[in-house]
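Source file coords.pdb; content: PDB, C-alpha atoms and all ligand atoms.
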```pdb
ATOM      1  CA  MET A  50     166.602 246.428-121.105
ATOM      2  CA  THR A  51     166.184 250.212-120.982
ATOM      3  CA  ALA A  52     168.488 252.456-123.001
ATOM      4  CA  ARG A  53     169.805 254.006-119.784
ATOM      5  CA  ARG A  54     170.617 250.621-118.270
ATOM      6  CA  ALA A  55     172.294 249.502-121.468
ATOM      7  CA  ALA A  56     174.357 252.702-121.487
ATOM      8  CA  THR A  57     175.337 252.150-117.855
ATOM      9  CA  GLU A  58     176.378 248.573-118.565
ATOM     10  CA  VAL A  59     178.482 249.662-121.526
ATOM     11  CA  LYS A  60     180.141 252.304-119.334
ATOM     12  CA  ASN A  61     180.825 249.785-116.553
ATOM     13  CA  ALA A  62     182.190 247.243-119.003
ATOM     14  CA  ALA A  63     184.478 249.930-120.420
ATOM     15  CA  MET A  64     185.875 250.522-116.935
ATOM     16  CA  LYS A  65     186.896 246.910-116.515
ATOM     17  CA  LYS A  66     190.627 246.354-116.801
ATOM     18  CA  TRP A  67     192.911 243.388-117.291
ATOM     19  CA  ASN A  68     194.907 241.932-114.421
ATOM     20  CA  MET A  69     196.957 238.764-114.117
ATOM     21  CA  ILE A  70     196.859 236.565-111.021
ATOM     22  CA  ILE A  71     199.651 234.032-110.603
ATOM     23  CA  ASP A  72     199.760 231.387-107.887
ATOM     24  CA  VAL A  73     203.384 230.688-106.991
ATOM     25  CA  ALA A  74     202.338 227.508-105.170
ATOM     26  CA  GLU A  75     200.924 226.094-108.417
ATOM     27  CA  CYS A  76     203.771 226.919-110.799
ATOM     28  CA  THR A  77     205.884 223.877-111.667
ATOM     29  CA  ASN A  78     208.378 225.671-113.935
ATOM     30  CA  CYS A  79     207.156 223.717-116.953
ATOM     31  CA  ASN A  80     207.804 226.851-119.062
ATOM     32  CA  LEU A  81     204.807 226.192-121.305
ATOM     33  CA  CYS A  82     203.660 229.798-120.812
ATOM     34  CA  THR A  83     207.091 231.029-121.915
ATOM     35  CA  LEU A  84     206.949 228.783-124.970
ATOM     36  CA  ALA A  85     203.395 229.904-125.774
ATOM     37  CA  ALA A  86     204.558 233.536-125.704
ATOM     38  CA  MET A  87     207.442 232.664-128.025
ATOM     39  CA  ASP A  88     205.091 230.824-130.343
ATOM     40  CA  GLU A  89     202.790 233.833-130.429
ATOM     41  CA  TYR A  90     205.406 236.530-130.945
ATOM     42  CA  ALA A  91     208.655 235.084-132.355
ATOM     43  CA  GLY A  92     208.723 235.975-136.024
ATOM     44  CA  ASN A  93     205.123 237.290-135.935
ATOM     45  CA  ASP A  94     204.158 240.872-136.608
ATOM     46  CA  TRP A  95     201.062 242.206-134.858
ATOM     47  CA  PRO A  96     200.776 245.749-136.221
ATOM     48  CA  GLY A  97     199.840 248.294-133.584
ATOM     49  CA  TYR A  98     200.707 245.820-130.804
ATOM     50  CA  SER A  99     204.160 244.317-131.306
ATOM     51  CA  ALA A 100     206.843 243.725-133.899
ATOM     52  CA  PRO A 101     208.323 240.207-134.227
ATOM     53  CA  MET A 102     210.132 238.908-131.173
ATOM     54  CA  PRO A 103     213.598 237.468-131.930
ATOM     55  CA  LYS A 104     213.898 233.671-131.762
ATOM     56  CA  HIS A 105     216.691 233.898-129.200
ATOM     57  CA  GLY A 106     217.481 236.068-126.210
ATOM     58  CA  HIS A 107     214.087 237.432-125.216
ATOM     59  CA  LYS A 108     211.948 236.017-122.413
ATOM     60  CA  TRP A 109     208.781 238.029-122.408
ATOM     61  CA  ILE A 110     207.550 235.563-119.785
ATOM     62  CA  ASN A 111     210.469 234.703-117.546
ATOM     63  CA  ILE A 112     210.311 232.189-114.674
ATOM     64  CA  LEU A 113     212.341 233.096-111.581
ATOM     65  CA  GLN A 114     213.427 230.315-109.282
ATOM     66  CA  LYS A 115     214.492 230.102-105.659
ATOM     67  CA  GLU A 116     215.628 227.142-103.599
ATOM     68  CA  ARG A 117     215.069 227.487 -99.851
ATOM     69  CA  GLY A 118     216.685 225.596 -96.996
ATOM     70  CA  GLN A 119     219.126 222.718 -96.965
ATOM     71  CA  THR A 120     218.672 218.971 -97.450
ATOM     72  CA  PRO A 121     216.461 217.318 -96.324
ATOM     73  CA  MET A 122     214.328 220.367 -95.466
ATOM     74  CA  ILE A 123     214.312 222.083 -98.814
ATOM     75  CA  ASP A 124     211.765 223.519-101.237
ATOM     76  CA  VAL A 125     211.778 225.373-104.552
ATOM     77  CA  ALA A 126     209.496 228.180-105.684
ATOM     78  CA  TYR A 127     208.948 229.418-109.230
ATOM     79  CA  VAL A 128     207.690 232.888-110.066
ATOM     80  CA  PRO A 129     206.579 233.625-113.633
ATOM     81  CA  THR A 130     207.350 237.279-114.390
ATOM     82  CA  MET A 131     206.409 239.524-117.290
ATOM     83  CA  CYS A 132     205.607 243.142-118.028
ATOM     84  CA  ASN A 133     203.448 244.190-115.091
ATOM     85  CA  HIS A 134     201.338 246.628-117.109
ATOM     86  CA  CYS A 135     201.928 249.139-114.345
ATOM     87  CA  ASP A 136     199.327 251.825-113.750
ATOM     88  CA  ASP A 137     202.085 254.356-113.129
ATOM     89  CA  PRO A 138     204.681 252.931-115.513
ATOM     90  CA  PRO A 139     208.243 254.248-115.248
ATOM     91  CA  CYS A 140     208.815 253.192-118.881
ATOM     92  CA  MET A 141     206.148 255.632-120.058
ATOM     93  CA  LYS A 142     207.894 258.518-118.291
ATOM     94  CA  ALA A 143     211.203 257.658-119.962
ATOM     95  CA  ALA A 144     209.888 257.963-123.507
ATOM     96  CA  PRO A 145     208.535 260.804-125.651
ATOM     97  CA  LYS A 146     204.755 261.135-125.588
ATOM     98  CA  GLY A 147     202.942 258.435-127.518
ATOM     99  CA  VAL A 148     205.787 255.897-127.526
ATOM    100  CA  VAL A 149     204.409 253.997-124.542
ATOM    101  CA  THR A 150     200.663 254.140-124.036
ATOM    102  CA  LYS A 151     198.324 252.966-121.318
ATOM    103  CA  ARG A 152     195.055 251.662-122.709
ATOM    104  CA  ARG A 153     191.734 252.138-120.969
ATOM    105  CA  ASP A 154     191.709 248.408-120.186
ATOM    106  CA  GLY A 155     194.986 248.733-118.241
ATOM    107  CA  ILE A 156     197.293 247.255-120.874
ATOM    108  CA  VAL A 157     200.590 249.050-121.581
ATOM    109  CA  ILE A 158     201.724 249.034-125.200
ATOM    110  CA  ILE A 159     205.198 249.974-126.419
ATOM    111  CA  ASP A 160     204.442 251.243-129.910
ATOM    112  CA  PRO A 161     206.362 249.022-132.340
ATOM    113  CA  GLN A 162     206.871 251.928-134.756
ATOM    114  CA  LYS A 163     207.335 254.967-132.522
ATOM    115  CA  ALA A 164     209.622 253.146-130.065
ATOM    116  CA  LYS A 165     212.352 252.526-132.642
ATOM    117  CA  GLY A 166     215.723 253.533-131.233
ATOM    118  CA  GLN A 167     214.349 254.257-127.732
ATOM    119  CA  ARG A 168     216.979 252.158-126.018
ATOM    120  CA  GLN A 169     216.702 254.079-122.744
ATOM    121  CA  LEU A 170     213.458 252.208-122.085
ATOM    122  CA  ILE A 171     215.431 249.091-121.192
ATOM    123  CA  ASP A 172     216.851 250.718-118.054
ATOM    124  CA  ALA A 173     213.613 252.534-117.284
ATOM    125  CA  CYS A 174     211.743 249.332-116.457
ATOM    126  CA  PRO A 175     212.545 248.464-112.831
ATOM    127  CA  TYR A 176     211.379 244.898-113.426
ATOM    128  CA  GLY A 177     213.833 244.180-116.241
ATOM    129  CA  HIS A 178     210.979 243.351-118.567
ATOM    130  CA  ILE A 179     211.792 245.426-121.599
ATOM    131  CA  TRP A 180     213.999 243.540-124.034
ATOM    132  CA  TRP A 181     216.124 245.086-126.771
ATOM    133  CA  ASN A 182     215.587 243.818-130.313
ATOM    134  CA  GLU A 183     218.962 244.452-131.946
ATOM    135  CA  GLU A 184     217.808 243.691-135.456
ATOM    136  CA  LEU A 185     214.829 246.054-135.312
ATOM    137  CA  GLN A 186     216.489 248.521-132.887
ATOM    138  CA  LEU A 187     213.354 248.247-130.792
ATOM    139  CA  PRO A 188     212.521 247.892-127.083
ATOM    140  CA  GLN A 189     209.889 245.194-126.579
ATOM    141  CA  ALA A 190     207.787 243.742-123.755
ATOM    142  CA  TRP A 191     204.912 241.292-123.458
ATOM    143  CA  PRO A 192     201.782 243.209-124.520
ATOM    144  CA  PHE A 193     199.342 241.061-122.497
ATOM    145  CA  ASP A 194     198.275 239.374-125.735
ATOM    146  CA  ALA A 195     196.204 242.484-126.410
ATOM    147  CA  HIS A 196     195.841 241.591-130.116
ATOM    148  CA  LEU A 197     194.051 238.389-129.066
ATOM    149  CA  LEU A 198     191.967 239.937-126.287
ATOM    150  CA  ASP A 199     190.816 242.600-128.747
ATOM    151  CA  GLN A 200     189.534 239.774-130.954
ATOM    152  CA  GLY A 201     187.454 238.465-128.073
ATOM    153  CA  TRP A 202     189.840 236.004-126.447
ATOM    154  CA  GLU A 203     189.151 235.638-122.731
ATOM    155  CA  GLN A 204     192.497 234.075-121.857
ATOM    156  CA  THR A 205     196.088 234.844-122.712
ATOM    157  CA  ARG A 206     198.160 232.225-124.530
ATOM    158  CA  GLY A 207     200.152 231.599-121.329
ATOM    159  CA  GLN A 208     197.028 230.983-119.301
ATOM    160  CA  GLN A 209     195.655 228.702-121.985
ATOM    161  CA  SER A 210     198.816 226.606-121.981
ATOM    162  CA  CYS A 211     199.281 226.416-118.197
ATOM    163  CA  PRO A 212     198.538 222.843-117.050
ATOM    164  CA  THR A 213     198.178 223.708-113.359
ATOM    165  CA  GLY A 214     195.981 226.794-113.527
ATOM    166  CA  ALA A 215     198.764 228.867-111.949
ATOM    167  CA  MET A 216     198.131 231.772-114.317
ATOM    168  CA  ARG A 217     194.803 233.560-114.707
ATOM    169  CA  ALA A 218     193.920 236.794-116.478
ATOM    170  CA  ILE A 219     190.825 238.575-115.219
ATOM    171  CA  LYS A 220     189.064 241.691-116.441
ATOM    172  CA  VAL A 221     187.410 243.495-113.553
ATOM    173  CA  GLU A 222     186.975 246.993-112.265
ATOM    174  CA  ASP A 223     189.822 248.309-110.126
ATOM    175  CA  GLU A 224     187.620 248.331-107.040
ATOM    176  CA  ASP A 225     186.889 244.618-107.485
ATOM    177  CA  MET A 226     190.554 243.846-108.099
ATOM    178  CA  ALA A 227     191.514 245.644-104.890
ATOM    179  CA  ARG A 228     188.943 243.548-103.003
ATOM    180  CA  ILE A 229     190.165 240.297-104.608
ATOM    181  CA  ALA A 230     193.765 241.215-103.762
ATOM    182  CA  ARG A 231     192.756 241.858-100.151
ATOM    183  CA  GLU A 232     190.663 238.714 -99.766
ATOM    184  CA  GLN A 233     193.184 236.416-101.445
ATOM    185  CA  GLU A 234     196.244 238.076 -99.900
ATOM    186  CA  LEU A 235     197.716 238.860-103.311
ATOM    187  CA  GLU A 236     200.948 240.785-103.626
ATOM    188  CA  VAL A 237     202.779 242.578-106.410
ATOM    189  CA  LEU A 238     206.498 242.708-107.137
ATOM    190  CA  LYS A 239     208.414 245.705-105.754
ATOM    191  CA  PRO A 240     205.366 247.519-104.321
ATOM    192  CA  GLU A 241     207.726 250.064-102.752
ATOM    193  CA  LEU A 242     208.322 251.603-106.212
ATOM    194  CA  GLY A 243     204.732 252.800-106.435
ATOM    195  CA  SER A 244     204.484 251.732-110.093
ATOM    196  CA  LYS A 245     201.195 249.911-109.348
ATOM    197  CA  PRO A 246     201.638 246.614-111.211
ATOM    198  CA  ARG A 247     198.591 244.804-112.602
ATOM    199  CA  VAL A 248     200.266 241.395-112.216
ATOM    200  CA  TYR A 249     199.436 239.942-108.799
ATOM    201  CA  TYR A 250     200.873 236.945-106.965
ATOM    202  CA  ARG A 251     199.346 234.486-104.539
ATOM    203  CA  ASN A 252     201.728 232.678-102.157
ATOM    204  CA  LEU A 253     204.625 234.944-103.092
ATOM    205  CA  TRP A 254     206.014 234.302 -99.608
ATOM    206  CA  ARG A 255     207.216 230.935-100.900
ATOM    207  CA  TYR A 256     209.732 232.898-102.969
ATOM    208  CA  ALA A 257     210.205 236.112-101.039
ATOM    209  CA  LYS A 258     210.268 234.926 -97.418
ATOM    210  CA  CYS A 259     212.356 232.385 -95.554
ATOM    211  CA  PHE A 260     212.064 229.797 -92.791
ATOM    212  CA  ILE A 261     213.768 228.382 -89.741
ATOM    213  CA  GLY A 262     213.296 224.633 -89.431
ATOM    214  CA  GLY A 263     214.812 221.631 -87.759
ATOM    215  CA  SER A 264     214.246 218.129 -86.512
ATOM    216  CA  VAL A 265     214.057 217.205 -82.815
ATOM    217  CA  ALA A 266     215.454 213.831 -81.741
ATOM    218  CA  GLU A 267     216.351 212.023 -78.531
ATOM    219  CA  GLU A 268     218.462 209.029 -77.606
ATOM    220  CA  ARG A 269     216.757 206.172 -75.800
ATOM    221  CA  GLN A 270     218.790 203.123 -74.820
ATOM    222  CA  GLY A 271     221.324 203.846 -77.519
ATOM    223  CA  ILE A 272     218.722 204.404 -80.233
ATOM    224  CA  VAL A 273     218.104 207.852 -81.717
ATOM    225  CA  GLU A 274     214.418 208.496 -82.298
ATOM    226  CA  CYS A 275     212.367 211.386 -83.646
ATOM    227  CA  VAL A 276     210.488 213.338 -81.001
ATOM    228  CA  GLU A 277     206.895 213.858 -81.999
ATOM    229  CA  GLY A 278     204.819 216.506 -80.209
ATOM    230  CA  ALA A 279     207.690 218.588 -78.815
ATOM    231  CA  SER A 280     206.678 222.200 -78.296
ATOM    232  CA  VAL A 281     208.836 224.684 -80.230
ATOM    233  CA  GLN A 282     208.670 228.420 -79.725
ATOM    234  CA  LEU A 283     210.171 231.144 -81.880
ATOM    235  CA  VAL A 284     211.246 234.193 -79.906
ATOM    236  CA  LYS A 285     212.569 237.533 -81.144
ATOM    237  CA  ASP A 286     213.631 240.426 -78.930
ATOM    238  CA  GLY A 287     212.100 238.664 -75.927
ATOM    239  CA  ALA A 288     208.664 238.312 -77.542
ATOM    240  CA  SER A 289     207.103 235.043 -78.642
ATOM    241  CA  LEU A 290     206.400 235.122 -82.395
ATOM    242  CA  ALA A 291     204.988 231.641 -82.890
ATOM    243  CA  VAL A 292     204.602 228.233 -81.259
ATOM    244  CA  THR A 293     204.397 224.910 -83.051
ATOM    245  CA  THR A 294     204.768 221.206 -82.308
ATOM    246  CA  THR A 295     207.009 218.702 -84.044
ATOM    247  CA  ASP A 296     205.427 216.189 -86.445
ATOM    248  CA  ASN A 297     205.964 212.438 -86.439
ATOM    249  CA  PHE A 298     209.402 212.929 -88.012
ATOM    250  CA  GLY A 299     210.326 215.374 -85.236
ATOM    251  CA  ASP A 300     210.261 218.216 -87.772
ATOM    252  CA  PHE A 301     209.206 221.818 -87.138
ATOM    253  CA  LYS A 302     209.232 224.872 -89.374
ATOM    254  CA  PHE A 303     208.564 228.591 -88.883
ATOM    255  CA  ASP A 304     207.929 230.124 -92.295
ATOM    256  CA  ARG A 305     207.191 233.563 -93.810
ATOM    257  CA  LEU A 306     210.086 235.218 -91.972
ATOM    258  CA  ASP A 307     211.940 238.147 -93.507
ATOM    259  CA  GLU A 308     215.374 237.420 -94.900
ATOM    260  CA  ASN A 309     218.280 239.046 -93.013
ATOM    261  CA  SER A 310     215.917 239.870 -90.177
ATOM    262  CA  GLY A 311     218.389 239.455 -87.327
ATOM    263  CA  SER A 312     218.550 237.208 -84.258
ATOM    264  CA  TYR A 313     215.962 234.673 -83.177
ATOM    265  CA  SER A 314     215.841 232.167 -80.389
ATOM    266  CA  VAL A 315     214.335 228.707 -80.949
ATOM    267  CA  GLN A 316     213.131 227.174 -77.674
ATOM    268  CA  ILE A 317     212.266 223.484 -77.571
ATOM    269  CA  PHE A 318     210.358 221.742 -74.743
ATOM    270  CA  SER A 319     209.643 218.033 -74.456
ATOM    271  CA  GLY A 320     209.067 215.669 -71.525
ATOM    272  CA  GLY A 321     210.376 218.136 -68.958
ATOM    273  CA  ARG A 322     213.535 218.832 -70.959
ATOM    274  CA  SER A 323     214.352 221.934 -72.941
ATOM    275  CA  LYS A 324     216.898 223.285 -75.367
ATOM    276  CA  VAL A 325     217.488 226.790 -76.720
ATOM    277  CA  LEU A 326     219.236 227.623 -79.992
ATOM    278  CA  GLN A 327     220.210 231.083 -81.235
ATOM    279  CA  VAL A 328     219.824 231.799 -84.934
ATOM    280  CA  THR A 329     220.931 234.819 -86.941
ATOM    281  CA  LEU A 330     218.715 234.705 -89.983
ATOM    282  CA  GLY A 331     220.075 235.350 -93.440
ATOM    283  CA  THR A 332     218.138 233.085 -95.778
ATOM    284  CA  SER A 333     216.169 229.915 -94.973
ATOM    285  CA  VAL A 334     217.941 227.648 -92.540
ATOM    286  CA  ASN A 335     217.530 224.007 -91.593
ATOM    287  CA  LEU A 336     219.002 223.586 -88.106
ATOM    288  CA  GLY A 337     219.269 219.872 -88.764
ATOM    289  CA  GLU A 338     218.939 217.256 -86.023
ATOM    290  CA  ILE A 339     218.559 218.772 -82.565
ATOM    291  CA  ARG A 340     219.124 216.353 -79.691
ATOM    292  CA  ILE A 341     217.093 217.108 -76.610
TER     293      ILE A 341
HETATM  294  S1  LIG B 401     206.741 246.351-115.966
HETATM  295 FE1  LIG B 401     208.250 247.677-116.961
HETATM  296  S2  LIG B 401     207.661 247.667-119.102
HETATM  297 FE2  LIG B 401     205.914 246.926-118.003
HETATM  298  S3  LIG B 401     204.646 248.746-117.603
HETATM  299 FE3  LIG B 401     205.937 248.435-115.792
HETATM  300  S4  LIG B 401     207.732 249.725-116.179
HETATM  301 FE4  LIG B 401     206.693 249.468-118.167
HETATM  302  S1  LIG B 402     202.700 227.230-117.701
HETATM  303 FE1  LIG B 402     201.923 227.491-115.613
HETATM  304  S2  LIG B 402     203.010 225.976-114.379
HETATM  305 FE2  LIG B 402     204.135 226.149-116.333
HETATM  306  S3  LIG B 402     205.737 227.678-115.902
HETATM  307 FE3  LIG B 402     203.972 228.804-116.737
HETATM  308  S4  LIG B 402     202.768 229.470-114.935
HETATM  309 FE4  LIG B 402     204.211 227.872-114.266
END
```
Any chance you could put this one into structure tokens?
Ligand code: SF4
Ligand code: SF4
Amino acid sequence: MTARRAATEVKNAAMKKWNMIIDVAECTNCNLCTLAAMDEYAGNDWPGYSAPMPKHGHKWINILQKERGQTPMIDVAYVPTMCNHCDDPPCMKAAPKGVVTKRRDGIVIIDPQKAKGQRQLIDACPYGHIWWNEELQLPQAWPFDAHLLDQGWEQTRGQQSCPTGAMRAIKVEDEDMARIAREQELEVLKPELGSKPRVYYRNLWRYAKCFIGGSVAEERQGIVECVEGASVQLVKDGASLAVTTTDNFGDFKFDRLDENSGSYSVQIFSGGRSKVLQVTLGTSVNLGEIRI
């Protein structure tokens, strides 16, 4: 390898930054990542990275939960959250210079010495991911296991403990991360803030969006049966948004709709018959059994 090529490779490697990718569809809320973070930080001092996390009260990795729909059409999504290691971090702006630093590899560190007494940082984080350590009078957040990565670890403790592979840390150049995010339809939390999080989510719609569903049935000679293959159309403001057909239980579902997004019409067609239902969408709704 030539000296120039080696120098170029070193430069490129130096430009790689850490990102976390979390698949909401794969998270089972087992909380092993949360426990791994507690095991790593509770009572342990990592000078230059983090002071000991208290045994109670802090959740440096916190799993959000949302139940959608009503029985029997119901699902639950879990979203592991943590410090997003924002590229334009509001917490950094709220502290004197040097208290919060952004490393070249993308990781944000709240200095465990200099941050003493900087309580205003708690409110500065729009994600609620800075926790106040009363005993040490210190704001604290998950430092991306930087002390381990700096020793050559290629995974965070949370990723290592995750049984489903829902959590994955990757170190790539920003250009590559942008491409991966595009190709895999990854999203970040609160993108409207412009804080540029480095924690990305796949299938976030399972938490953030809602659905309209129902079950089509008919009565034949006094017996109520599911209607398989009925055509169901979702219409908003006179325009067709989607068309689906009922499954062998008579069920249909239109997902990835925005919450509180107004009025929809659900139009059902089967065997020359039709039925129209009006829905004002708040959160996910199961229209239940619909006789046609
Ligand atoms: S998530 Fe909060 S604590 Fe973490 S970098 Fe962003 S603003 Fe700072
Ligand atoms: S360990 Fe994995 S599956 Fe379990 S809560 Fe954490 S991210 Fe979800």
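Of note, atom CA of Pro175 of chain A and atom CA of Asp154 of chain A are spaced 22.1 Å apart.
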Among listed residues A:Arg269, A:Arg247, A:Arg117, A:Arg152, nearest Arg340 of chain A (using only C-alpha atoms):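 For Arg340 of chain A, the nearest of the given residues is A:Arg269.
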Evaluate the PyMOL selection byres (((not hetatm)) within 8 of (chain B and resi 401)) and report residues as a VMD selection string: chain A and resid 131 to 141 157 170 173 to 179 190 to 191 244 246
All residues having an atom within 10 Å of ligand LIG 402 (chain B) (all atoms listed in the file) as a PyMOL selection string: chain A and resi 71-85+110-113+127-130+206-217
Selection under test: the PyMOL selection byres (((chain A and resi 263) around 9) and not hetatm); residues as JSON, numbers by chain: {"A": [122, 261, 262, 264, 265, 299, 300, 301, 302, 334, 335, 336, 337, 338, 339]}
Could the residues in this selection be saved with C-alpha atoms as a PDB file, in the coordinates of the input?
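See selection-v9.pdb below for the written result:
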```
ATOM      1  CA  MET A 122     214.328 220.367 -95.466  1.00  0.00           C
ATOM      2  CA  ILE A 261     213.768 228.382 -89.741  1.00  0.00           C
ATOM      3  CA  GLY A 262     213.296 224.633 -89.431  1.00  0.00           C
ATOM      4  CA  SER A 264     214.246 218.129 -86.512  1.00  0.00           C
ATOM      5  CA  VAL A 265     214.057 217.205 -82.815  1.00  0.00           C
ATOM      6  CA  GLY A 299     210.326 215.374 -85.236  1.00  0.00           C
ATOM      7  CA  ASP A 300     210.261 218.216 -87.772  1.00  0.00           C
ATOM      8  CA  PHE A 301     209.206 221.818 -87.138  1.00  0.00           C
ATOM      9  CA  LYS A 302     209.232 224.872 -89.374  1.00  0.00           C
ATOM     10  CA  VAL A 334     217.941 227.648 -92.540  1.00  0.00           C
ATOM     11  CA  ASN A 335     217.530 224.007 -91.593  1.00  0.00           C
ATOM     12  CA  LEU A 336     219.002 223.586 -88.106  1.00  0.00           C
ATOM     13  CA  GLY A 337     219.269 219.872 -88.764  1.00  0.00           C
ATOM     14  CA  GLU A 338     218.939 217.256 -86.023  1.00  0.00           C
ATOM     15  CA  ILE A 339     218.559 218.772 -82.565  1.00  0.00           C
TER      16      ILE A 339
END
```
Around all of segment 303-319 of chain A's listed atoms, make the axis-aligned box with 5 Å on each side and tell me centre and edge lengths in Å to one decimal, as lines of an AutoDock Vina configuration file.
```
center_x = 212.9
center_y = 229.0
center_z = -84.7
size_x = 21.4
size_y = 31.8
size_z = 30.4
```
Length of the atom CA of Trp254 of chain A to atom CA of Asp304 of chain A vector [Å]: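 Interatomic distance here is 8.6 Å.
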Which residue of A:Pro192, A:Gly147, A:Gly118, A:Gly278 approaches Ala86 of chain A most closely, using only C-alpha atoms: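 Of the candidates, the smallest distance to Ala86 of chain A is held by A:Pro192.
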Minimum-distance residue to Thr205 of chain A, chosen among A:Phe260, A:Glu232, A:Glu89, A:Val328 (using all atoms listed in the file): A:Glu89
Length of the atom CA of Lys324 of chain A to atom CA of Leu290 of chain A vector [Å]: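 One can read the atom CA of Lys324 of chain A to atom CA of Leu290 of chain A distance as 17.3 Å.
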